[in-house]
Amino acid sequence: MSDDLESGRPNFDIGSLLKQAQELQGKLKQMQEQAGDKVVESSSGGGMVRATVDGLMRVRKIEIDPALLAANDKAMLEDMVVAAINDGLRRAQEIVGSEINQINPFAMLKNPGE
């Protein structure tokens, strides 16, 4: 960016800015396509409930230890499933978010209140 000496205003290169925006958009699209291949695993209840979540925030698999089913405690099972899924979603968001920050030109800027 250079100053326009006659007007005293900054001179923006719109073409370059649009090209950069298109490149960033392409990188983000590629990352979204690859996000489905990234998988995280989480668990709750000491591993009695395990959840597998991908980078598109889809739950791919839930595994429940047979001993937990034999306990016949519906409320406890529901709580453990929710905890495992929420932990898996959190982990997947962290992975995808960190990758987005690597290509984000504004990553070094912090939002107020963070």
# chains A, B, ... in the order shown; residues from 1 in each chain; ligands from 1

call {"tool": "residues_around", "arguments": {"residues": "Ala35 of chain A", "least_positions_apart": "6", "cutoff": "10 Å", "atoms": "only C-alpha atoms", "output": "list in words"}}
result
Lys29, Asp54, Gly55, Leu56, Met57, Ala92, Ile95, Val96 and Glu99 of chain A

call {"tool": "select_by_dssp", "arguments": {"residues": "segment 24-111 of chain A", "states": "strand (DSSP E)", "output": "list of chain:residue names"}}
result
A:Val39, A:Val40, A:Glu41, A:Ser42, A:Ser43, A:Ser44, A:Val49, A:Arg50, A:Ala51, A:Thr52, A:Val53, A:Asp54, A:Val59, A:Arg60, A:Lys61, A:Ile62, A:Glu63, A:Ile64

call {"tool": "residues_around", "arguments": {"residues": "segment 84-88 of chain A", "least_positions_apart": "3", "cutoff": "7 Å", "atoms": "only C-alpha atoms", "output": "PyMOL selection string"}}
result
chain A and resi 40-44+49-53+80-81+91-92

call {"tool": "atom_distance", "arguments": {"atom1": "atom CA of Leu89 of chain A", "atom2": "atom CA of Gln22 of chain A"}}
result
29.2 Å

call {"tool": "select_by_dssp", "arguments": {"residues": "chain A", "states": "alpha helix (DSSP H)", "output": "NGL selection string"}}
result
:A and (14-35 or 66-70 or 74-103)
